[in-house]
$ cat query01.txt   # compact mmCIF, C-alpha atoms
# COMPACT_ATOMS: atom_id res chain seq x y z
CA MET Y 1 118.27 129.21 103.00
CA SER Y 2 119.39 131.29 100.05
CA LYS Y 3 117.67 134.52 99.02
CA THR Y 4 115.80 132.74 96.26
CA SER Y 5 115.12 129.17 95.17
CA ARG Y 6 113.54 126.91 92.58
CA THR Y 7 109.82 126.88 91.90
CA ILE Y 8 107.67 124.56 89.81
CA VAL Y 9 104.24 125.62 88.50
CA THR Y 10 101.87 123.11 86.94
CA MET Y 11 98.89 124.61 85.11
CA PRO Y 12 97.33 124.46 81.63
CA THR Y 13 98.56 126.93 79.01
CA ALA Y 14 95.17 127.23 77.30
CA ALA Y 15 91.61 127.20 78.61
CA LYS Y 16 88.03 128.06 77.62
CA LYS Y 17 86.46 131.18 79.08
CA GLY Y 18 84.79 130.41 82.39
CA GLU Y 19 86.73 127.19 82.90
CA VAL Y 20 88.02 126.44 86.41
CA LEU Y 21 91.79 125.91 86.36
CA GLU Y 22 93.75 123.88 88.87
CA ILE Y 23 97.11 125.42 89.63
CA ARG Y 24 99.81 123.49 91.51
CA ILE Y 25 102.84 125.30 92.80
CA ILE Y 26 105.77 123.86 94.70
CA VAL Y 27 108.72 125.85 95.97
CA GLN Y 28 112.10 124.72 97.29
CA HIS Y 29 112.50 125.87 100.89
CA ASP Y 30 113.73 124.27 104.13
CA MET Y 31 111.02 126.03 106.20
CA GLU Y 32 113.18 126.07 109.35
CA SER Y 33 110.56 126.41 112.09
CA GLY Y 34 112.68 128.22 114.67
CA PHE Y 35 111.79 125.65 117.30
CA ARG Y 36 114.72 123.29 116.69
CA HIS Y 37 118.04 123.25 118.51
CA THR Y 38 121.51 122.18 117.47
CA GLU Y 39 123.42 119.41 119.25
CA THR Y 40 125.12 122.08 121.37
CA GLY Y 41 121.75 123.47 122.46
CA GLN Y 42 121.66 126.60 120.32
CA ARG Y 43 118.33 127.52 118.80
CA VAL Y 44 118.19 127.42 115.00
CA PRO Y 45 116.63 130.76 114.01
CA ARG Y 46 113.36 130.74 112.12
CA ASP Y 47 113.71 130.89 108.34
CA ILE Y 48 110.42 130.35 106.53
CA ILE Y 49 108.40 131.67 103.63
CA ARG Y 50 105.80 134.06 105.03
CA ASP Y 51 103.69 134.96 102.04
CA PHE Y 52 102.54 133.61 98.73
CA LEU Y 53 100.62 135.72 96.25
CA CYS Y 54 99.14 134.92 92.86
CA THR Y 55 98.02 137.74 90.58
CA TYR Y 56 96.12 137.29 87.31
CA ASN Y 57 96.81 140.20 84.95
CA GLY Y 58 97.74 142.29 87.98
CA VAL Y 59 94.65 141.36 90.01
CA GLU Y 60 95.14 139.36 93.21
CA VAL Y 61 93.32 136.03 92.93
CA PHE Y 62 94.94 133.98 95.69
CA ARG Y 63 97.06 134.64 98.76
CA VAL Y 64 98.52 132.41 101.47
CA GLU Y 65 100.12 133.31 104.76
CA LEU Y 66 102.57 130.62 105.84
CA HIS Y 67 103.55 129.76 109.41
CA PRO Y 68 106.28 127.70 111.13
CA ALA Y 69 104.14 124.54 111.15
CA MET Y 70 104.25 124.33 107.34
CA GLY Y 71 106.44 121.54 106.00
CA ALA Y 72 109.53 121.98 103.84
CA ASN Y 73 109.08 122.60 100.10
CA PRO Y 74 105.45 123.79 100.50
CA LEU Y 75 103.06 122.57 97.81
CA ILE Y 76 99.95 124.68 97.27
CA VAL Y 77 97.08 123.62 95.02
CA PHE Y 78 94.34 126.14 94.26
CA THR Y 79 91.86 127.01 91.53
CA THR Y 80 90.89 130.12 89.63
CA THR Y 81 88.48 130.87 86.78
CA ALA Y 82 89.84 131.59 83.31
CA THR Y 83 88.50 135.04 82.43
CA GLU Y 84 90.91 136.50 79.84
CA SER Y 85 94.20 135.72 78.15
CA GLY Y 86 97.18 137.02 80.04
CA THR Y 87 99.81 136.36 82.65
CA LEU Y 88 99.64 134.80 86.07
CA GLU Y 89 102.40 135.89 88.41
CA PHE Y 90 103.40 133.86 91.46
CA LYS Y 91 105.40 135.52 94.24
CA TRP Y 92 106.85 134.12 97.45
CA SER Y 93 108.47 136.21 100.17
CA GLY Y 94 109.86 135.29 103.55
CA ASP Y 95 112.41 135.64 106.32
CA ASN Y 96 115.95 136.93 105.70
CA GLY Y 97 114.95 138.76 102.53
CA TYR Y 98 113.77 135.64 100.72
CA ALA Y 99 111.93 136.33 97.47
CA SER Y 100 111.04 134.17 94.48
CA SER Y 101 108.74 134.81 91.57
CA THR Y 102 107.72 133.17 88.35
CA THR Y 103 105.10 133.75 85.67
CA SER Y 104 102.92 131.60 83.44
CA THR Y 105 100.94 132.67 80.40
CA LEU Y 106 97.39 131.55 79.74
CA ALA Y 107 95.51 131.71 76.44
CA VAL Y 108 91.74 131.95 76.92
CA THR Y 109 89.39 131.18 74.01
CA MET G 1 61.54 107.92 151.67
CA PRO G 2 64.18 110.71 151.95
CA LEU G 3 66.40 111.16 148.96
CA SER G 4 69.60 110.40 150.88
CA ASN G 5 68.19 106.98 151.85
CA GLN G 6 67.36 106.18 148.25
CA MET G 7 70.91 107.10 147.25
CA SER G 8 72.48 104.93 149.90
CA ARG G 9 70.29 102.01 148.90
CA ARG G 10 71.32 102.42 145.32
CA ASN G 11 74.95 102.62 146.39
CA GLY G 12 74.47 99.49 148.41
CA LYS G 13 73.15 97.69 145.40
CA LEU G 14 76.08 98.87 143.34
CA ARG G 15 78.56 97.79 145.94
CA SER G 16 77.10 94.32 146.08
CA SER G 17 77.20 93.91 142.30
CA ARG G 18 80.83 95.03 142.33
CA LEU G 19 81.54 92.44 144.99
CA PHE G 20 79.86 89.86 142.83
CA LEU G 21 82.05 90.81 139.89
CA LYS G 22 85.15 90.63 142.03
CA ARG G 23 84.17 87.19 143.27
CA SER G 24 83.50 85.85 139.77
CA PHE G 25 86.80 87.34 138.55
CA LEU G 26 88.64 85.64 141.39
CA PHE G 27 86.88 82.42 140.58
CA SER G 28 87.87 82.55 136.92
CA SER G 29 91.50 83.35 137.71
CA LEU G 30 91.57 80.44 140.13
CA TYR G 31 90.20 78.28 137.35
CA CYS G 32 93.04 79.45 135.13
CA GLU G 33 95.65 78.66 137.73
CA SER G 34 94.34 75.15 137.98
CA LEU G 35 95.37 74.55 134.34
CA PRO G 36 98.98 73.82 133.44
CA PHE G 37 99.61 77.50 132.80
CA ALA G 38 103.27 77.26 131.80
CA THR G 39 102.43 74.72 129.12
CA LEU G 40 99.72 77.01 127.73
CA LEU G 41 102.13 79.95 127.60
CA CYS G 42 104.78 77.92 125.83
CA LEU G 43 102.24 76.65 123.34
CA SER G 44 100.90 80.13 122.52
CA LEU G 45 104.42 81.55 122.07
CA PHE G 46 105.32 78.63 119.86
CA LEU G 47 102.18 79.17 117.77
CA LEU G 48 102.90 82.93 117.48
CA PHE G 49 106.40 82.31 116.20
CA SER G 50 105.57 79.41 113.95
CA VAL G 51 102.83 81.49 112.29
CA GLN G 52 104.81 84.74 112.15
CA SER G 53 108.29 83.52 111.23
CA ARG G 54 108.70 83.33 107.51
CA ALA G 55 111.63 83.01 105.20
CA ASP G 56 113.12 86.08 103.56
CA PRO G 57 110.95 86.83 100.46
CA VAL G 58 112.82 86.06 97.24
CA GLY G 59 112.27 86.53 93.52
CA LEU G 60 108.82 87.77 92.60
CA GLU G 61 107.66 87.65 96.22
CA ARG G 62 109.82 90.69 96.83
CA GLN G 63 108.03 93.99 97.07
CA SER G 64 109.22 97.60 97.04
CA SER G 65 107.98 99.65 99.99
CA TYR G 66 106.38 101.84 97.30
CA ASP G 67 103.53 99.29 97.22
CA LEU G 68 102.79 99.93 100.88
CA MET G 69 102.35 103.69 100.45
CA SER G 70 99.10 105.65 100.24
CA PRO G 71 97.86 106.71 96.77
CA ASP G 72 98.76 110.31 97.61
CA THR G 73 102.37 109.51 98.46
CA LYS G 74 102.64 107.29 95.36
CA ALA G 75 101.38 110.17 93.21
CA MET G 76 103.97 112.42 94.82
CA GLN G 77 106.79 110.06 93.83
CA ASP G 78 105.46 109.34 90.34
CA ASP G 79 105.02 112.93 89.19
CA PRO G 80 108.37 114.78 89.00
CA LEU G 81 106.43 118.05 89.20
CA LEU G 82 105.10 117.02 92.63
CA ASN G 83 108.12 115.10 93.94
CA PRO G 84 110.06 117.35 96.34
CA ALA G 85 113.23 115.38 95.53
CA THR G 86 113.09 116.91 92.04
CA PHE G 87 114.70 119.98 93.57
CA ALA G 88 117.67 117.84 94.65
CA VAL G 89 117.92 116.32 91.15
CA LEU G 90 117.89 119.81 89.58
CA ASP G 91 120.53 121.02 92.06
CA GLY G 92 122.63 117.97 91.16
CA GLN G 93 122.30 118.76 87.47
CA VAL G 94 123.79 122.21 88.11
CA LEU G 95 126.59 120.78 90.31
CA TRP G 96 127.43 118.26 87.56
CA GLN G 97 128.52 121.15 85.32
CA GLU G 98 130.21 123.16 88.07
CA VAL G 99 134.01 123.35 88.08
CA ALA G 100 135.56 122.60 91.48
CA GLY G 101 138.91 121.96 93.19
CA LYS G 102 142.55 122.58 92.33
CA LYS G 103 142.35 120.70 89.05
CA ASN G 104 139.55 122.94 87.74
CA GLN G 105 137.43 120.03 86.65
CA SER G 106 133.70 119.45 86.72
CA CYS G 107 131.97 116.06 86.72
CA ALA G 108 131.01 116.79 83.10
CA SER G 109 134.68 117.40 82.10
CA CYS G 110 135.34 113.65 82.37
CA HIS G 111 131.89 112.02 82.28
CA GLY G 112 130.23 114.30 79.72
CA ASP G 113 126.49 114.04 79.36
CA ALA G 114 125.16 112.32 82.48
CA THR G 115 122.02 111.08 80.71
CA VAL G 116 124.35 108.89 78.62
CA SER G 117 127.41 108.23 80.83
CA MET G 118 125.54 107.71 84.12
CA LYS G 119 122.78 105.49 82.74
CA GLY G 120 122.61 102.38 84.92
CA VAL G 121 125.61 103.38 87.03
CA ALA G 122 123.73 103.90 90.30
CA ALA G 123 122.09 100.49 89.89
CA SER G 124 125.49 98.79 90.20
CA PHE G 125 126.46 100.34 93.56
CA PRO G 126 127.80 99.58 96.21
CA LYS G 127 130.85 98.40 94.32
CA VAL G 128 134.42 97.38 95.12
CA SER G 129 136.78 99.88 93.48
CA SER G 130 139.96 98.90 91.63
CA SER G 131 141.91 99.65 94.82
CA GLY G 132 139.80 97.08 96.67
CA GLN G 133 137.73 99.61 98.60
CA LEU G 134 133.97 99.08 99.01
CA LEU G 135 132.17 102.27 97.95
CA ASN G 136 128.55 103.34 97.76
CA LEU G 137 127.40 105.99 95.27
CA GLU G 138 128.06 108.84 97.70
CA GLY G 139 131.52 107.41 98.48
CA ARG G 140 132.30 107.14 94.76
CA ILE G 141 131.27 110.77 94.19
CA ASN G 142 133.55 111.87 97.01
CA GLN G 143 136.41 109.73 95.67
CA CYS G 144 136.09 111.48 92.31
CA ARG G 145 135.95 114.81 94.06
CA VAL G 146 139.19 114.23 95.96
CA GLU G 147 141.19 112.36 93.31
CA GLN G 148 139.96 113.85 90.02
CA GLN G 149 138.93 117.35 91.07
CA GLY G 150 141.41 117.94 93.88
CA ALA G 151 138.65 119.30 96.10
CA ALA G 152 137.63 118.62 99.69
CA PRO G 153 135.11 115.76 100.00
CA PHE G 154 131.50 116.64 100.74
CA ALA G 155 130.35 115.98 104.31
CA PRO G 156 128.06 112.96 104.72
CA GLU G 157 124.36 113.89 104.25
CA SER G 158 125.36 117.35 103.00
CA LYS G 159 123.04 118.95 100.45
CA PRO G 160 125.47 118.95 97.49
CA LEU G 161 126.41 115.29 98.02
CA LEU G 162 122.77 114.19 98.19
CA ALA G 163 121.93 116.39 95.20
CA LEU G 164 124.65 114.79 93.05
CA ALA G 165 123.67 111.31 94.25
CA ALA G 166 120.01 112.01 93.45
CA PHE G 167 120.94 113.34 90.00
CA VAL G 168 123.14 110.33 89.18
CA ALA G 169 120.62 107.83 90.62
CA ASN G 170 117.82 109.45 88.63
CA GLN G 171 119.66 108.47 85.39
CA SER G 172 119.05 104.80 86.32
CA LYS G 173 115.37 105.23 87.12
CA GLY G 174 113.44 102.12 86.05
CA MET G 175 116.58 100.05 85.50
CA PRO G 176 117.13 96.81 87.45
CA ILE G 177 119.59 96.78 90.36
CA SER G 178 122.64 95.01 88.97
CA VAL G 179 124.68 94.09 92.05
CA GLU G 180 125.98 90.53 91.69
CA ARG G 181 128.09 88.27 93.89
CA THR G 182 131.66 88.51 92.58
CA PRO G 183 135.02 87.30 93.92
CA ALA G 184 135.81 90.95 94.73
CA ASN G 185 132.74 91.64 96.86
CA GLU G 186 132.15 88.13 98.23
CA GLN G 187 133.69 88.78 101.62
CA ALA G 188 131.90 92.11 102.17
CA LEU G 189 128.63 90.57 101.04
CA ALA G 190 129.00 87.76 103.58
CA SER G 191 129.72 90.29 106.35
CA GLY G 192 126.65 92.27 105.29
CA GLN G 193 124.50 89.17 105.44
CA ARG G 194 125.86 88.34 108.88
CA LEU G 195 125.07 91.88 110.10
CA PHE G 196 121.55 91.62 108.67
CA ASN G 197 120.90 88.51 110.75
CA GLN G 198 122.74 89.65 113.86
CA ARG G 199 120.70 90.68 116.89
CA MET G 200 121.72 94.08 118.21
CA GLY G 201 120.84 96.88 120.58
CA GLN G 202 118.94 96.91 123.85
CA LEU G 203 115.90 95.49 122.05
CA ASN G 204 118.11 92.63 120.84
CA LEU G 205 116.60 92.56 117.36
CA SER G 206 118.15 91.78 114.00
CA CYS G 207 117.20 93.45 110.71
CA ALA G 208 115.90 90.07 109.50
CA GLN G 209 113.49 89.60 112.40
CA CYS G 210 111.42 92.57 111.20
CA HIS G 211 112.25 92.99 107.51
CA ALA G 212 112.45 89.34 106.45
CA GLU G 213 110.46 87.28 108.95
CA ARG G 214 107.75 89.83 109.75
CA ALA G 215 107.65 91.94 106.58
CA GLY G 216 104.09 92.92 105.68
CA GLN G 217 102.95 92.81 109.30
CA LYS G 218 102.45 95.96 111.35
CA LEU G 219 104.74 97.77 113.74
CA ALA G 220 102.97 100.49 115.73
CA GLY G 221 100.24 100.59 113.08
CA ASN G 222 102.66 100.96 110.16
CA PRO G 223 103.35 98.17 107.67
CA ILE G 224 106.83 96.68 107.95
CA PRO G 225 108.54 96.88 104.54
CA GLN G 226 110.88 94.22 103.16
CA ALA G 227 113.72 96.76 103.27
CA HIS G 228 114.76 96.78 99.63
CA PRO G 229 116.81 99.93 98.94
CA THR G 230 115.17 100.66 95.58
CA ALA G 231 114.54 104.39 95.84
CA TYR G 232 117.57 106.01 97.46
CA PRO G 233 118.30 108.81 97.95
CA ILE G 234 114.74 109.27 99.18
CA TYR G 235 112.71 112.30 100.14
CA ARG G 236 111.33 111.17 103.47
CA LEU G 237 108.32 113.18 104.60
CA GLU G 238 109.28 112.55 108.22
CA TRP G 239 112.73 114.06 107.57
CA GLN G 240 111.38 116.91 105.45
CA THR G 241 114.45 116.47 103.30
CA VAL G 242 116.36 114.12 101.02
CA GLY G 243 118.42 111.48 102.81
CA SER G 244 120.67 108.53 102.05
CA LEU G 245 120.34 104.82 102.79
CA GLU G 246 122.99 105.22 105.49
CA ARG G 247 120.80 107.73 107.28
CA ARG G 248 117.88 105.31 107.07
CA LEU G 249 119.99 102.42 108.40
CA ARG G 250 121.18 104.58 111.30
CA ASN G 251 117.49 105.35 111.99
CA CYS G 252 116.74 101.65 112.38
CA LEU G 253 119.80 101.14 114.58
CA VAL G 254 118.58 103.87 116.91
CA GLY G 255 115.16 102.21 116.76
CA VAL G 256 116.50 98.96 118.21
CA ARG G 257 118.55 101.06 120.65
CA ALA G 258 121.90 100.08 119.25
CA GLU G 259 124.72 102.56 118.84
CA PRO G 260 124.49 103.56 115.15
CA TYR G 261 127.52 102.87 112.95
CA ALA G 262 129.25 106.02 111.68
CA PHE G 263 128.53 107.37 108.18
CA GLY G 264 130.84 105.65 105.71
CA SER G 265 131.75 102.88 108.19
CA ALA G 266 132.56 99.41 106.87
CA GLU G 267 129.50 97.95 108.62
CA LEU G 268 127.03 100.31 106.93
CA LEU G 269 128.66 99.77 103.53
CA GLU G 270 128.54 95.99 103.93
CA LEU G 271 124.88 96.17 104.94
CA GLU G 272 124.16 98.42 101.94
CA LEU G 273 125.92 95.95 99.65
CA PHE G 274 123.97 93.01 101.05
CA LEU G 275 120.66 94.88 100.76
CA ALA G 276 121.38 95.89 97.17
CA TRP G 277 122.30 92.29 96.30
CA ARG G 278 119.15 91.08 98.07
CA ALA G 279 117.13 93.52 95.90
CA ARG G 280 118.98 92.63 92.68
CA GLU G 281 116.89 92.92 89.52
CA MET G 282 114.27 95.04 91.26
CA PRO G 283 113.79 98.34 89.38
CA LEU G 284 115.37 101.50 90.77
CA GLU G 285 112.85 104.27 91.62
CA SER G 286 115.25 107.04 92.62
CA PRO G 287 114.49 109.59 93.81
CA GLY G 288 111.70 108.05 95.87
CA VAL G 289 109.27 109.58 98.33
CA ARG G 290 108.62 107.74 101.57
CA PRO G 291 106.33 108.62 104.50
$ encode --input "query01.txt" --output "structure tokens"
Amino acid sequence: MSKTSRTIVTMPTAAKKGEVLEIRIIVQHDMESGFRHTETGQRVPRDIIRDFLCTYNGVEVFRVELHPAMGANPLIVFTTTATESGTLEFKWSGDNGYASSTTSTLAVT
Amino acid sequence: MPLSNQMSRRNGKLRSSRLFLKRSFLFSSLYCESLPFATLLCLSLFLLFSVQSRADPVGLERQSSYDLMSPDTKAMQDDPLLNPATFAVLDGQVLWQEVAGKKNQSCASCHGDATVSMKGVAASFPKVSSSGQLLNLEGRINQCRVEQQGAAPFAPESKPLLALAAFVANQSKGMPISVERTPANEQALASGQRLFNQRMGQLNLSCAQCHAERAGQKLAGNPIPQAHPTAYPIYRLEWQTVGSLERRLRNCLVGVRAEPYAFGSAELLELELFLAWRAREMPLESPGVRP
């Protein structure tokens, strides 16, 4: 897996104060478990995303620890409450120096 | 009465009831043997096959395996922002513009904007080329790569090949499969049909026995689809990746314990051609998601 990859975030761009937002994030990753072997019997080393973090204006609102049993291209759906206008930052990090990040802006009225 | 005596009496009672059961079981099996058993067996097998064997569904009776999926998996295919194959399509879009090979050409150098030039193209494959060679979409991409770009062909099932195939196939999404019987493909189509109906492997099963005669019934709890290749390349959840129709066909061949045909072999191409012709006019869903 390359050092970074594609991500897709699905969330509203505007919300009312106090509204609960559903955020869907999907990231491109093979999530090689480390338990598989090649045809010649060599073990394929583990290469997975270990951590996902979502911050809302710099404050951590959601975190996931990922393990080898997670499927490829992990999709995570979670919710947070709209408190103030600002930026949500999504960060993934994993084996072999993998790191991806993306941001979305949210206007709260 | 001492407890041990009570126990033994109870055991005795149990033993006698077991004996009774055994006797009645023996009696019933004897009763069975007195009937013309072979005739009964023949009759039940005949009934099973006469009820289960059906003709290959045609026309509007045909059904994409999409209809057999759970609402969750359907939603995953329908929404590009949820469909994991979207990543392959996006990778293909980048590869489309990328210059490769000795001739310093990209796909876009000749074909331009794929949303225009590739519209409906995937729906017409497999196709017999001008040189008389039967090619599927992946084969056509590799032919371009070797002849027009002067680059090494992509390996079968390699990520860039599947990405380009997914990107090109996505341009025909919703369009009807347009494979017709022509003088050029007639022979290959007939071979494909023969292969579809040919029993193979240690289980001695043909494609048709499951996917035509018993489509809609269950195999190990899962519905048997009619095997219309309407969504390839697919993101198969079992594979955890995008894969081609050839990979899926090889899966089935292993399933009936036959030696799978090699990627790009004439047999697989002929089968692909027959399946596409059999699914003609059904809309293309590429890239699909399957369980």
$ residues_near_point --input "query01.txt" --point "(112.2, 136.9, 96.5)" --cutoff "12 Å" --atoms "all atoms listed in the file" --output "list in words"
Met1, Ser2, Lys3, Thr4, Ser5, Arg6, Thr7, Val27, His29, Ile49, Arg50, Asp51, Phe52, Leu53, Phe90, Lys91, Trp92, Ser93, Gly94, Asp95, Asn96, Gly97, Tyr98, Ala99, Ser100, Ser101 and Thr102 of chain Y
$ write_last_selection --input "query01.txt" --atoms "C-alpha atoms" --output "short mmCIF file (atom, residue, chain, number, x, y, z; two decimals), in the frame of the given file"
data_model
loop_
_atom_site.label_atom_id
_atom_site.label_comp_id
_atom_site.auth_asym_id
_atom_site.auth_seq_id
_atom_site.Cartn_x
_atom_site.Cartn_y
_atom_site.Cartn_z
CA MET Y 1 118.27 129.21 103.00
CA SER Y 2 119.39 131.29 100.05
CA LYS Y 3 117.67 134.52 99.02
CA THR Y 4 115.80 132.74 96.26
CA SER Y 5 115.12 129.17 95.17
CA ARG Y 6 113.54 126.91 92.58
CA THR Y 7 109.82 126.88 91.90
CA VAL Y 27 108.72 125.85 95.97
CA HIS Y 29 112.50 125.87 100.89
CA ILE Y 49 108.40 131.67 103.63
CA ARG Y 50 105.80 134.06 105.03
CA ASP Y 51 103.69 134.96 102.04
CA PHE Y 52 102.54 133.61 98.73
CA LEU Y 53 100.62 135.72 96.25
CA PHE Y 90 103.40 133.86 91.46
CA LYS Y 91 105.40 135.52 94.24
CA TRP Y 92 106.85 134.12 97.45
CA SER Y 93 108.47 136.21 100.17
CA GLY Y 94 109.86 135.29 103.55
CA ASP Y 95 112.41 135.64 106.32
CA ASN Y 96 115.95 136.93 105.70
CA GLY Y 97 114.95 138.76 102.53
CA TYR Y 98 113.77 135.64 100.72
CA ALA Y 99 111.93 136.33 97.47
CA SER Y 100 111.04 134.17 94.48
CA SER Y 101 108.74 134.81 91.57
CA THR Y 102 107.72 133.17 88.35
#
$ interface_residues --input "query01.txt" --of "chain G" --to "chain Y" --cutoff "7 Å" --atoms "all atoms listed in the file" --output "list in words"
Leu81, Pro84, Phe87 and Gln240 of chain G
$ residues_near_point --input "query01.txt" --point "(109.2, 89.9, 102.4)" --cutoff "8 Å" --atoms "all atoms listed in the file" --output "number ranges by chain"
G: 55-58, 61-63, 211-216, 225-226
$ closest_residue --input "query01.txt" --among "Y:Gly18, Y:Gly34, Y:Gly86, Y:Pro45" --to "Pro68 (chain Y)" --atoms "all atoms listed in the file"
Y:Gly34
$ atom_distance --input "query01.txt" --atom1 "CA of Leu82 (chain G)" --atom2 "CA of Arg46 (chain Y)"
25.2 Å
$ residues_around --input "query01.txt" --residues "Pro80 (chain G)" --least-positions-apart "5" --cutoff "10 Å" --atoms "all atoms listed in the file" --output "list in words"
Ile8 of chain Y; Ala75, Ala85, Thr86, Phe87, Val89 and Pro287 of chain G
$ residues_around --input "query01.txt" --residues "Ala88 (chain G)" --least-positions-apart "4" --cutoff "7 Å" --atoms "only C-alpha atoms" --output "JSON, numbers by chain"
{"G": [92, 163, 166]}
$ write_last_selection --input "query01.txt" --atoms "C-alpha atoms" --output "JSON list (two decimals), in the coordinates of the input"
[["chain", "number", "residue", "atom", "x", "y", "z"],
["G", 92, "GLY", "CA", 122.63, 117.97, 91.16],
["G", 163, "ALA", "CA", 121.93, 116.39, 95.20],
["G", 166, "ALA", "CA", 120.01, 112.01, 93.45]]
$ atom_distance --input "query01.txt" --atom1 "CA of Tyr56 (chain Y)" --atom2 "CA of Thr87 (chain Y)"
6.0 Å
$ atom_distance --input "query01.txt" --atom1 "CA of Asn197 (chain G)" --atom2 "CA of His228 (chain G)"
15.2 Å
$ residues_around --input "query01.txt" --residues "Val99 (chain G)" --least-positions-apart "3" --cutoff "12 Å" --atoms "all atoms listed in the file" --output "VMD selection string"
chain G and resid 94 to 96 102 to 110 145 148 to 151
$ residues_around --input "query01.txt" --residues "region 269-272 of chain G" --least-positions-apart "3" --cutoff "9 Å" --atoms "all atoms listed in the file" --output "list in words"
Phe125, Pro126, Leu134, Leu135, Asn136, Ala188, Leu189, Ala190, Ser191, Gly192, Gln193, Arg194, Leu195, Phe196, Pro229, Leu245, Glu246, Leu249, Phe263, Gly264, Ser265, Ala266, Leu275, Ala276 and Trp277 of chain G
$ residues_around --input "query01.txt" --residues "Ala107 (chain Y)" --least-positions-apart "3" --cutoff "8 Å" --atoms "only C-alpha atoms" --output "list in words"
Thr13, Ala14, Ala15, Glu84, Ser85 and Gly86 of chain Y
$ closest_residue --input "query01.txt" --among "G:Ser70, G:Thr241, G:Thr230, G:Gln202" --to "Glu157 (chain G)" --atoms "only C-alpha atoms"
G:Thr241
$ decode --input "query01.txt" --residues "region 205-221 of chain G" --atoms "N, CA and C atoms" --output "short mmCIF file (atom, residue, chain, number, x, y, z; two decimals), in the first residue's frame"
data_model
loop_
_atom_site.label_atom_id
_atom_site.label_comp_id
_atom_site.auth_asym_id
_atom_site.auth_seq_id
_atom_site.Cartn_x
_atom_site.Cartn_y
_atom_site.Cartn_z
N LEU G 205 -20.67 -31.05 -12.97
CA LEU G 205 -21.78 -30.09 -13.12
C LEU G 205 -21.49 -29.13 -14.27
N SER G 206 -22.53 -28.73 -14.95
CA SER G 206 -22.38 -27.69 -15.97
C SER G 206 -22.83 -26.36 -15.38
N CYS G 207 -22.44 -25.26 -16.03
CA CYS G 207 -22.89 -23.92 -15.59
C CYS G 207 -24.42 -23.90 -15.59
N ALA G 208 -25.01 -24.48 -16.67
CA ALA G 208 -26.45 -24.39 -16.88
C ALA G 208 -27.24 -25.09 -15.78
N GLN G 209 -26.67 -26.19 -15.24
CA GLN G 209 -27.42 -26.94 -14.23
C GLN G 209 -27.74 -26.08 -13.00
N CYS G 210 -26.81 -25.19 -12.62
CA CYS G 210 -27.10 -24.28 -11.51
C CYS G 210 -27.75 -22.99 -12.02
N HIS G 211 -27.11 -22.33 -12.97
CA HIS G 211 -27.45 -20.94 -13.29
C HIS G 211 -28.59 -20.78 -14.29
N ALA G 212 -29.00 -21.88 -14.93
CA ALA G 212 -30.17 -21.80 -15.81
C ALA G 212 -31.30 -22.62 -15.21
N GLU G 213 -31.02 -23.90 -14.92
CA GLU G 213 -32.09 -24.80 -14.48
C GLU G 213 -32.49 -24.57 -13.02
N ARG G 214 -31.52 -24.19 -12.18
CA ARG G 214 -31.85 -24.02 -10.76
C ARG G 214 -31.62 -22.60 -10.25
N ALA G 215 -31.62 -21.64 -11.14
CA ALA G 215 -31.46 -20.24 -10.73
C ALA G 215 -32.63 -19.85 -9.85
N GLY G 216 -32.33 -19.10 -8.79
CA GLY G 216 -33.39 -18.67 -7.86
C GLY G 216 -33.54 -19.61 -6.69
N GLN G 217 -33.03 -20.86 -6.85
CA GLN G 217 -33.05 -21.78 -5.70
C GLN G 217 -31.82 -21.50 -4.84
N LYS G 218 -31.65 -22.29 -3.79
CA LYS G 218 -30.55 -22.00 -2.86
C LYS G 218 -29.43 -23.02 -2.98
N LEU G 219 -28.23 -22.53 -2.82
CA LEU G 219 -27.05 -23.40 -2.72
C LEU G 219 -26.33 -23.01 -1.43
N ALA G 220 -26.29 -23.93 -0.49
CA ALA G 220 -25.70 -23.66 0.82
C ALA G 220 -26.27 -22.39 1.45
N GLY G 221 -27.58 -22.20 1.31
CA GLY G 221 -28.24 -21.07 1.95
C GLY G 221 -28.22 -19.79 1.12
#
